[in-house]
Amino acid sequence: MSRPLQFAPGSRSAYANLGYAVLGQVTEQLSGQSYQSYVRAMLQPLGIYSLRAGKTRLQDRLPGEVRYYDFPKAPLVSSVLDGSLVNRPYGEFYLEAHSANGGLVASAPDLVRFVVALEGLRPLSRATLAEMFRRPKLPQYEKTPRYYALGWAVRVPQPQALNPPPTRASGQGSSEPPTPAGQPPLVLTLPWEQLEWSHDGAFAGSRTLLLRLPNGVVLAALFNSRPWNDWSFIAELRRGLKSATQAVQHWPDYDCF
């Protein structure tokens, strides 16, 4: 908290776990409950019961919780609890202090249930969802199909390029850049139902992705390890999940839960 600001508030956006940690503390102060208790009470009416606050030590892991593994040949670290040498997933950080910024444990089906509940306007209203997915008015997001909204990474689907017609140049004095031949104009705004939204997360020993596609398909992928090539892994996972859904010709017409 003693570090200077990197930019003026409101001038640009940069992801930081600290914001979620502070929001968790605000939630506890206003509700008079622990963050876990508050969130569980909100989600249980939606049929979500697996959510629990994670623990730092291996011997304290929750019933049914997986064991987490570091990447091969990862070094041991000194535990934040007692200084002993431990694998990073069980002592590199004090997980109990991270409930609001990645320290909750849940199942993949319950994460999908959460997104399906949002689509069904539970527990949020349509107006609140529209605000949650609204494009921030920041220069970095003015001309890009991707932006970070309130808790979700959002991508606006773009129309496919057309067969190349004759090249059209912008008129003299136009402020618009030339449109490449066959390239449709950039779409910046769509109703939230037509957007792709996702959130991924990672700790030492875990890597996760929750992805909602514009066609309504919802996917959750949870791994009990985190590879050293973290970002290339999550990019390949995203591409693979999208490709797999495109190969499905018929989705179940019954309640999968």
# chains A, B, ... in the order shown; residues from 1 in each chain; ligands from 1
>>> select_by_dssp(residues="range 52-249 of chain A", states="alpha helix (DSSP H)", output="PyMOL selection string")
chain A and resi 108-119+126-132+230-246
>>> write_last_selection(atoms="N, CA, C and O atoms", output="short mmCIF file (atom, residue, chain, number, x, y, z; two decimals), in the first residue's frame")
data_model
loop_
_atom_site.label_atom_id
_atom_site.label_comp_id
_atom_site.auth_asym_id
_atom_site.auth_seq_id
_atom_site.Cartn_x
_atom_site.Cartn_y
_atom_site.Cartn_z
N ALA A 108 -16.25 -27.71 -10.78
CA ALA A 108 -16.53 -27.23 -12.14
C ALA A 108 -18.03 -27.14 -12.42
O ALA A 108 -18.50 -26.14 -12.97
N PRO A 109 -18.84 -28.15 -12.05
CA PRO A 109 -20.29 -28.02 -12.28
C PRO A 109 -20.90 -26.80 -11.58
O PRO A 109 -21.78 -26.15 -12.14
N ASP A 110 -20.43 -26.48 -10.37
CA ASP A 110 -21.00 -25.34 -9.67
C ASP A 110 -20.59 -24.01 -10.31
O ASP A 110 -21.35 -23.04 -10.28
N LEU A 111 -19.41 -23.95 -10.91
CA LEU A 111 -19.03 -22.74 -11.63
C LEU A 111 -19.93 -22.56 -12.86
O LEU A 111 -20.35 -21.44 -13.18
N VAL A 112 -20.23 -23.66 -13.54
CA VAL A 112 -21.14 -23.57 -14.68
C VAL A 112 -22.55 -23.18 -14.20
O VAL A 112 -23.23 -22.37 -14.85
N ARG A 113 -22.97 -23.73 -13.08
CA ARG A 113 -24.28 -23.34 -12.51
C ARG A 113 -24.35 -21.84 -12.26
O ARG A 113 -25.38 -21.21 -12.49
N PHE A 114 -23.26 -21.27 -11.79
CA PHE A 114 -23.23 -19.84 -11.51
C PHE A 114 -23.49 -19.02 -12.77
O PHE A 114 -24.30 -18.09 -12.77
N VAL A 115 -22.81 -19.37 -13.87
CA VAL A 115 -23.01 -18.63 -15.11
C VAL A 115 -24.43 -18.84 -15.64
O VAL A 115 -25.07 -17.89 -16.10
N VAL A 116 -24.92 -20.06 -15.58
CA VAL A 116 -26.29 -20.33 -16.04
C VAL A 116 -27.30 -19.54 -15.22
O VAL A 116 -28.28 -19.02 -15.75
N ALA A 117 -27.05 -19.40 -13.91
CA ALA A 117 -27.93 -18.61 -13.06
C ALA A 117 -27.90 -17.14 -13.47
O ALA A 117 -28.95 -16.48 -13.53
N LEU A 118 -26.72 -16.61 -13.79
CA LEU A 118 -26.63 -15.23 -14.25
C LEU A 118 -27.45 -15.03 -15.53
O LEU A 118 -28.16 -14.03 -15.68
N GLU A 119 -27.33 -15.97 -16.45
CA GLU A 119 -28.09 -15.88 -17.70
C GLU A 119 -29.60 -15.91 -17.44
O GLU A 119 -30.38 -15.32 -18.19
N ARG A 126 -31.42 -7.73 -15.18
CA ARG A 126 -30.91 -7.50 -16.53
C ARG A 126 -30.10 -6.19 -16.59
O ARG A 126 -29.05 -6.13 -17.23
N ALA A 127 -30.58 -5.16 -15.90
CA ALA A 127 -29.88 -3.87 -15.91
C ALA A 127 -28.51 -4.00 -15.23
O ALA A 127 -27.51 -3.42 -15.69
N THR A 128 -28.45 -4.78 -14.15
CA THR A 128 -27.18 -4.97 -13.46
C THR A 128 -26.20 -5.75 -14.32
O THR A 128 -25.00 -5.45 -14.36
N LEU A 129 -26.70 -6.77 -15.03
CA LEU A 129 -25.82 -7.54 -15.92
C LEU A 129 -25.30 -6.65 -17.05
O LEU A 129 -24.12 -6.75 -17.42
N ALA A 130 -26.15 -5.80 -17.59
CA ALA A 130 -25.70 -4.90 -18.64
C ALA A 130 -24.59 -3.99 -18.14
O ALA A 130 -23.61 -3.72 -18.85
N GLU A 131 -24.72 -3.51 -16.92
CA GLU A 131 -23.68 -2.68 -16.33
C GLU A 131 -22.41 -3.48 -16.07
O GLU A 131 -21.29 -2.98 -16.27
N MET A 132 -22.56 -4.73 -15.65
CA MET A 132 -21.41 -5.57 -15.36
C MET A 132 -20.56 -5.82 -16.61
O MET A 132 -19.33 -5.90 -16.53
N ASP A 230 2.69 -20.68 -18.38
CA ASP A 230 1.33 -20.44 -17.92
C ASP A 230 0.42 -19.85 -19.00
O ASP A 230 -0.66 -20.37 -19.28
N TRP A 231 0.85 -18.75 -19.62
CA TRP A 231 -0.05 -18.05 -20.54
C TRP A 231 -0.24 -18.81 -21.84
O TRP A 231 -1.34 -18.80 -22.41
N SER A 232 0.79 -19.48 -22.34
CA SER A 232 0.61 -20.28 -23.55
C SER A 232 -0.32 -21.45 -23.27
O SER A 232 -1.11 -21.85 -24.14
N PHE A 233 -0.26 -21.99 -22.05
CA PHE A 233 -1.16 -23.09 -21.68
C PHE A 233 -2.61 -22.64 -21.70
O PHE A 233 -3.48 -23.31 -22.28
N ILE A 234 -2.92 -21.49 -21.08
CA ILE A 234 -4.31 -21.05 -20.99
C ILE A 234 -4.83 -20.64 -22.36
O ILE A 234 -6.00 -20.84 -22.69
N ALA A 235 -3.96 -20.09 -23.23
CA ALA A 235 -4.38 -19.74 -24.58
C ALA A 235 -4.69 -20.99 -25.40
O ALA A 235 -5.70 -21.05 -26.12
N GLU A 236 -3.86 -22.02 -25.25
CA GLU A 236 -4.12 -23.28 -25.96
C GLU A 236 -5.38 -23.95 -25.42
O GLU A 236 -6.17 -24.53 -26.19
N LEU A 237 -5.60 -23.87 -24.11
CA LEU A 237 -6.81 -24.45 -23.52
C LEU A 237 -8.05 -23.77 -24.06
O LEU A 237 -9.03 -24.43 -24.43
N ARG A 238 -8.02 -22.45 -24.13
CA ARG A 238 -9.17 -21.71 -24.64
C ARG A 238 -9.48 -22.11 -26.09
O ARG A 238 -10.63 -22.34 -26.44
N ARG A 239 -8.44 -22.18 -26.90
CA ARG A 239 -8.65 -22.58 -28.30
C ARG A 239 -9.19 -24.00 -28.39
O ARG A 239 -10.10 -24.29 -29.19
N GLY A 240 -8.66 -24.89 -27.56
CA GLY A 240 -9.10 -26.27 -27.60
C GLY A 240 -10.55 -26.44 -27.19
O GLY A 240 -11.30 -27.22 -27.80
N LEU A 241 -10.98 -25.72 -26.15
CA LEU A 241 -12.37 -25.81 -25.71
C LEU A 241 -13.32 -25.27 -26.77
O LEU A 241 -14.38 -25.86 -27.04
N LYS A 242 -12.94 -24.16 -27.39
CA LYS A 242 -13.80 -23.61 -28.45
C LYS A 242 -13.90 -24.58 -29.62
O LYS A 242 -14.99 -24.79 -30.17
N SER A 243 -12.78 -25.17 -30.00
CA SER A 243 -12.78 -26.12 -31.10
C SER A 243 -13.65 -27.33 -30.78
O SER A 243 -14.39 -27.83 -31.64
N ALA A 244 -13.58 -27.80 -29.54
CA ALA A 244 -14.37 -28.96 -29.14
C ALA A 244 -15.86 -28.67 -29.22
O ALA A 244 -16.65 -29.52 -29.64
N THR A 245 -16.27 -27.48 -28.81
CA THR A 245 -17.71 -27.14 -28.86
C THR A 245 -18.20 -27.05 -30.30
O THR A 245 -19.36 -27.38 -30.59
N GLN A 246 -17.33 -26.59 -31.20
CA GLN A 246 -17.75 -26.48 -32.59
C GLN A 246 -17.96 -27.84 -33.23
O GLN A 246 -18.70 -27.97 -34.22
#
>>> residues_around(residues="Pro136 in chain A", least_positions_apart="4", cutoff="9 Å", atoms="only C-alpha atoms", output="PyMOL selection string")
chain A and resi 13+141-142+147-150
>>> write_last_selection(atoms="C-alpha atoms", output="PDB file, in the first residue's frame")
ATOM      1  CA  SER A  13      -7.228  -0.184 -16.337  1.00  0.00           C
ATOM      2  CA  TYR A 141     -10.515  -0.006 -24.904  1.00  0.00           C
ATOM      3  CA  GLU A 142     -11.767   2.471 -27.531  1.00  0.00           C
ATOM      4  CA  TYR A 147     -11.871  -5.352 -22.705  1.00  0.00           C
ATOM      5  CA  TYR A 148     -12.044  -6.029 -18.975  1.00  0.00           C
ATOM      6  CA  ALA A 149     -15.422  -5.192 -17.456  1.00  0.00           C
ATOM      7  CA  LEU A 150     -16.622  -5.649 -13.860  1.00  0.00           C
TER       8      LEU A 150
END
>>> closest_atom_pairs(of="range 64-168 of chain A", to="range 180-203 of chain A", cutoff="10 Å", atoms="only C-alpha atoms", output="Markdown table")
| residue | atom | partner | partner_atom | distance |
| --- | --- | --- | --- | --- |
| A:Tyr68 | CA | A:Phe203 | CA | 9.8 |
| A:Asp70 | CA | A:Phe203 | CA | 9.7 |
| A:Arg88 | CA | A:Phe203 | CA | 9.2 |
| A:Pro89 | CA | A:Phe203 | CA | 7.4 |
| A:Glu92 | CA | A:Phe203 | CA | 9.7 |
| A:Phe93 | CA | A:Phe203 | CA | 9.3 |
| A:Leu95 | CA | A:Phe203 | CA | 9.7 |
| A:Asn101 | CA | A:Gly201 | CA | 9.3 |
| A:Gly102 | CA | A:Gly201 | CA | 7.1 |
| A:Gly103 | CA | A:Phe203 | CA | 8.9 |
| A:Val115 | CA | A:Ser198 | CA | 9.9 |
| A:Glu119 | CA | A:Glu193 | CA | 7.7 |
| A:Arg126 | CA | A:Trp192 | CA | 9.3 |
| A:Leu129 | CA | A:Trp192 | CA | 7.5 |
| A:Ala130 | CA | A:Trp192 | CA | 6.2 |
| A:Glu131 | CA | A:Trp192 | CA | 9.3 |
| A:Met132 | CA | A:Trp192 | CA | 9.0 |
| A:Phe133 | CA | A:Trp192 | CA | 6.4 |
| A:Arg134 | CA | A:Trp192 | CA | 8.2 |
| A:Arg135 | CA | A:Thr189 | CA | 8.0 |
| A:Tyr141 | CA | A:Leu188 | CA | 9.4 |
| A:Glu142 | CA | A:Leu188 | CA | 8.3 |
| A:Lys143 | CA | A:Leu188 | CA | 7.3 |
| A:Thr144 | CA | A:Leu188 | CA | 7.1 |
| A:Pro145 | CA | A:Leu188 | CA | 5.9 |
| A:Arg146 | CA | A:Leu188 | CA | 8.7 |
| A:Tyr147 | CA | A:Trp197 | CA | 9.8 |
| A:Tyr148 | CA | A:Trp197 | CA | 9.3 |
| A:Ala149 | CA | A:Trp197 | CA | 9.3 |
| A:Gly151 | CA | A:His199 | CA | 7.6 |
| A:Trp152 | CA | A:Ser198 | CA | 5.6 |
| A:Ala153 | CA | A:Ser198 | CA | 5.3 |
| A:Val154 | CA | A:Trp197 | CA | 4.5 |
| A:Arg155 | CA | A:Glu196 | CA | 5.1 |
| A:Val156 | CA | A:Leu195 | CA | 5.4 |
| A:Pro157 | CA | A:Leu195 | CA | 6.6 |
| A:Gln158 | CA | A:Val187 | CA | 6.1 |
| A:Pro159 | CA | A:Pro184 | CA | 6.8 |
| A:Gln160 | CA | A:Pro184 | CA | 7.4 |
| A:Ala161 | CA | A:Gln183 | CA | 5.0 |
| A:Leu162 | CA | A:Gly182 | CA | 4.8 |
| A:Asn163 | CA | A:Gly182 | CA | 5.6 |
| A:Pro164 | CA | A:Gly182 | CA | 4.1 |
| A:Pro165 | CA | A:Gly182 | CA | 5.8 |
| A:Pro166 | CA | A:Ala181 | CA | 6.5 |
| A:Thr167 | CA | A:Ala181 | CA | 4.7 |
| A:Arg168 | CA | A:Ala181 | CA | 6.7 |
>>> residues_around(residues="range 58-63 of chain A", least_positions_apart="4", cutoff="9 Å", atoms="only C-alpha atoms", output="mmCIF file with all heavy atoms, in the first residue's frame")
data_model
loop_
_atom_site.group_PDB
_atom_site.id
_atom_site.type_symbol
_atom_site.label_atom_id
_atom_site.label_comp_id
_atom_site.auth_asym_id
_atom_site.auth_seq_id
_atom_site.Cartn_x
_atom_site.Cartn_y
_atom_site.Cartn_z
ATOM 1 N N ARG A 52 -16.229 -23.368 -0.690
ATOM 2 C CA ARG A 52 -15.608 -23.302 0.627
ATOM 3 C C ARG A 52 -14.345 -22.447 0.537
ATOM 4 O O ARG A 52 -13.759 -22.296 -0.531
ATOM 5 C CB ARG A 52 -15.206 -24.699 1.135
ATOM 6 C CG ARG A 52 -16.356 -25.652 1.376
ATOM 7 C CD ARG A 52 -17.144 -25.292 2.627
ATOM 8 N NE ARG A 52 -18.050 -26.355 3.034
ATOM 9 C CZ ARG A 52 -19.222 -26.609 2.490
ATOM 10 N NH1 ARG A 52 -19.618 -25.878 1.467
ATOM 11 N NH2 ARG A 52 -19.996 -27.578 2.939
ATOM 12 N N ALA A 53 -13.922 -21.900 1.646
ATOM 13 C CA ALA A 53 -12.655 -21.172 1.702
ATOM 14 C C ALA A 53 -11.514 -22.168 1.824
ATOM 15 O O ALA A 53 -11.546 -23.067 2.672
ATOM 16 C CB ALA A 53 -12.656 -20.204 2.882
ATOM 17 N N GLY A 54 -10.504 -22.021 0.982
ATOM 18 C CA GLY A 54 -9.372 -22.932 0.987
ATOM 19 C C GLY A 54 -8.451 -22.716 2.174
ATOM 20 O O GLY A 54 -8.506 -21.695 2.859
ATOM 21 N N ARG A 67 -5.500 -32.798 -4.389
ATOM 22 C CA ARG A 67 -4.163 -32.383 -3.965
ATOM 23 C C ARG A 67 -3.546 -31.563 -5.103
ATOM 24 O O ARG A 67 -3.721 -31.886 -6.277
ATOM 25 C CB ARG A 67 -3.295 -33.594 -3.661
ATOM 26 C CG ARG A 67 -1.894 -33.241 -3.178
ATOM 27 C CD ARG A 67 -1.191 -34.430 -2.565
ATOM 28 N NE ARG A 67 0.139 -34.057 -2.072
ATOM 29 C CZ ARG A 67 0.824 -34.779 -1.189
ATOM 30 N NH1 ARG A 67 0.299 -35.907 -0.716
ATOM 31 N NH2 ARG A 67 2.016 -34.395 -0.787
ATOM 32 N N TYR A 68 -2.831 -30.499 -4.749
ATOM 33 C CA TYR A 68 -2.257 -29.609 -5.754
ATOM 34 C C TYR A 68 -0.767 -29.889 -5.941
ATOM 35 O O TYR A 68 -0.051 -30.181 -4.977
ATOM 36 C CB TYR A 68 -2.472 -28.146 -5.344
ATOM 37 C CG TYR A 68 -3.925 -27.825 -5.118
ATOM 38 C CD1 TYR A 68 -4.436 -27.718 -3.828
ATOM 39 C CD2 TYR A 68 -4.799 -27.668 -6.189
ATOM 40 C CE1 TYR A 68 -5.776 -27.453 -3.611
ATOM 41 C CE2 TYR A 68 -6.148 -27.404 -5.992
ATOM 42 C CZ TYR A 68 -6.627 -27.304 -4.691
ATOM 43 O OH TYR A 68 -7.958 -27.046 -4.484
ATOM 44 N N PRO A 89 2.388 -24.886 -3.453
ATOM 45 C CA PRO A 89 0.934 -24.816 -3.224
ATOM 46 C C PRO A 89 0.533 -24.872 -1.754
ATOM 47 O O PRO A 89 -0.603 -24.532 -1.423
ATOM 48 C CB PRO A 89 0.409 -26.048 -3.977
ATOM 49 C CG PRO A 89 1.442 -26.347 -5.008
ATOM 50 C CD PRO A 89 2.745 -26.003 -4.358
ATOM 51 N N TYR A 90 1.445 -25.279 -0.886
ATOM 52 C CA TYR A 90 1.083 -25.468 0.521
ATOM 53 C C TYR A 90 1.967 -24.649 1.460
ATOM 54 O O TYR A 90 2.450 -25.149 2.458
ATOM 55 C CB TYR A 90 1.150 -26.951 0.872
ATOM 56 C CG TYR A 90 0.102 -27.760 0.140
ATOM 57 C CD1 TYR A 90 0.454 -28.577 -0.937
ATOM 58 C CD2 TYR A 90 -1.236 -27.670 0.491
ATOM 59 C CE1 TYR A 90 -0.509 -29.296 -1.626
ATOM 60 C CE2 TYR A 90 -2.204 -28.380 -0.186
ATOM 61 C CZ TYR A 90 -1.843 -29.187 -1.242
ATOM 62 O OH TYR A 90 -2.811 -29.889 -1.922
ATOM 63 N N GLY A 91 2.124 -23.374 1.133
ATOM 64 C CA GLY A 91 2.857 -22.531 2.062
ATOM 65 C C GLY A 91 3.536 -21.326 1.457
ATOM 66 O O GLY A 91 4.082 -20.497 2.184
ATOM 67 N N VAL A 105 -12.692 -22.522 -2.945
ATOM 68 C CA VAL A 105 -12.653 -23.820 -3.616
ATOM 69 C C VAL A 105 -14.065 -24.171 -4.065
ATOM 70 O O VAL A 105 -15.012 -24.050 -3.281
ATOM 71 C CB VAL A 105 -12.116 -24.917 -2.672
ATOM 72 C CG1 VAL A 105 -12.123 -26.271 -3.363
ATOM 73 C CG2 VAL A 105 -10.709 -24.564 -2.195
#
>>> select_by_dssp(residues="range 79-112 of chain A", states="strand (DSSP E)", output="number ranges by chain")
A: 85-86, 104-105
>>> write_last_selection(atoms="N, CA, C and O atoms", output="mmCIF file, in the first residue's frame")
data_model
loop_
_atom_site.group_PDB
_atom_site.id
_atom_site.type_symbol
_atom_site.label_atom_id
_atom_site.label_comp_id
_atom_site.auth_asym_id
_atom_site.auth_seq_id
_atom_site.Cartn_x
_atom_site.Cartn_y
_atom_site.Cartn_z
ATOM 1 N N LEU A 85 10.481 -25.931 4.816
ATOM 2 C CA LEU A 85 10.482 -26.057 3.373
ATOM 3 C C LEU A 85 9.266 -26.865 2.918
ATOM 4 O O LEU A 85 9.047 -27.983 3.395
ATOM 5 N N VAL A 86 8.496 -26.291 2.002
ATOM 6 C CA VAL A 86 7.269 -26.940 1.529
ATOM 7 C C VAL A 86 7.148 -26.740 0.026
ATOM 8 O O VAL A 86 7.800 -25.883 -0.566
ATOM 9 N N LEU A 104 -11.191 -19.281 -2.844
ATOM 10 C CA LEU A 104 -12.339 -20.162 -2.644
ATOM 11 C C LEU A 104 -12.186 -21.436 -3.472
ATOM 12 O O LEU A 104 -11.631 -21.416 -4.566
ATOM 13 N N VAL A 105 -12.692 -22.522 -2.945
ATOM 14 C CA VAL A 105 -12.653 -23.820 -3.616
ATOM 15 C C VAL A 105 -14.065 -24.171 -4.065
ATOM 16 O O VAL A 105 -15.012 -24.050 -3.281
#
>>> atom_distance(atom1="CA of Ala21 in chain A", atom2="CA of His98 in chain A")
6.6 Å
>>> closest_residue(among="A:Asn87, A:Gln36, A:Thr27, A:Thr208", to="Phe71 in chain A", atoms="only C-alpha atoms")
A:Asn87
>>> atom_distance(atom1="CA of Asn224 in chain A", atom2="CA of Leu211 in chain A")
18.0 Å
>>> residues_around(residues="Gly24 in chain A", least_positions_apart="2", cutoff="9 Å", atoms="only C-alpha atoms", output="JSON, numbers by chain")
{"A": [19, 20, 21, 22, 26, 27, 28, 29, 34, 35, 98, 99, 100, 101]}
>>> write_last_selection(atoms="C-alpha atoms", output="compact mmCIF listing (two decimals), in the first residue's frame")
# COMPACT_ATOMS: atom_id res chain seq x y z
CA GLY A 19 -8.93 -4.74 -5.58
CA TYR A 20 -10.84 -7.98 -5.01
CA ALA A 21 -9.17 -8.45 -1.63
CA VAL A 22 -10.30 -4.97 -0.55
CA VAL A 26 -15.75 -4.28 2.52
CA THR A 27 -18.25 -7.13 2.11
CA GLU A 28 -17.34 -8.56 5.51
CA GLN A 29 -17.62 -5.18 7.23
CA SER A 34 -17.11 -13.85 6.79
CA TYR A 35 -16.71 -13.61 3.02
CA HIS A 98 -7.21 -14.61 -0.18
CA SER A 99 -10.86 -15.68 0.05
CA ALA A 100 -12.12 -12.82 -2.14
CA ASN A 101 -9.32 -12.96 -4.70
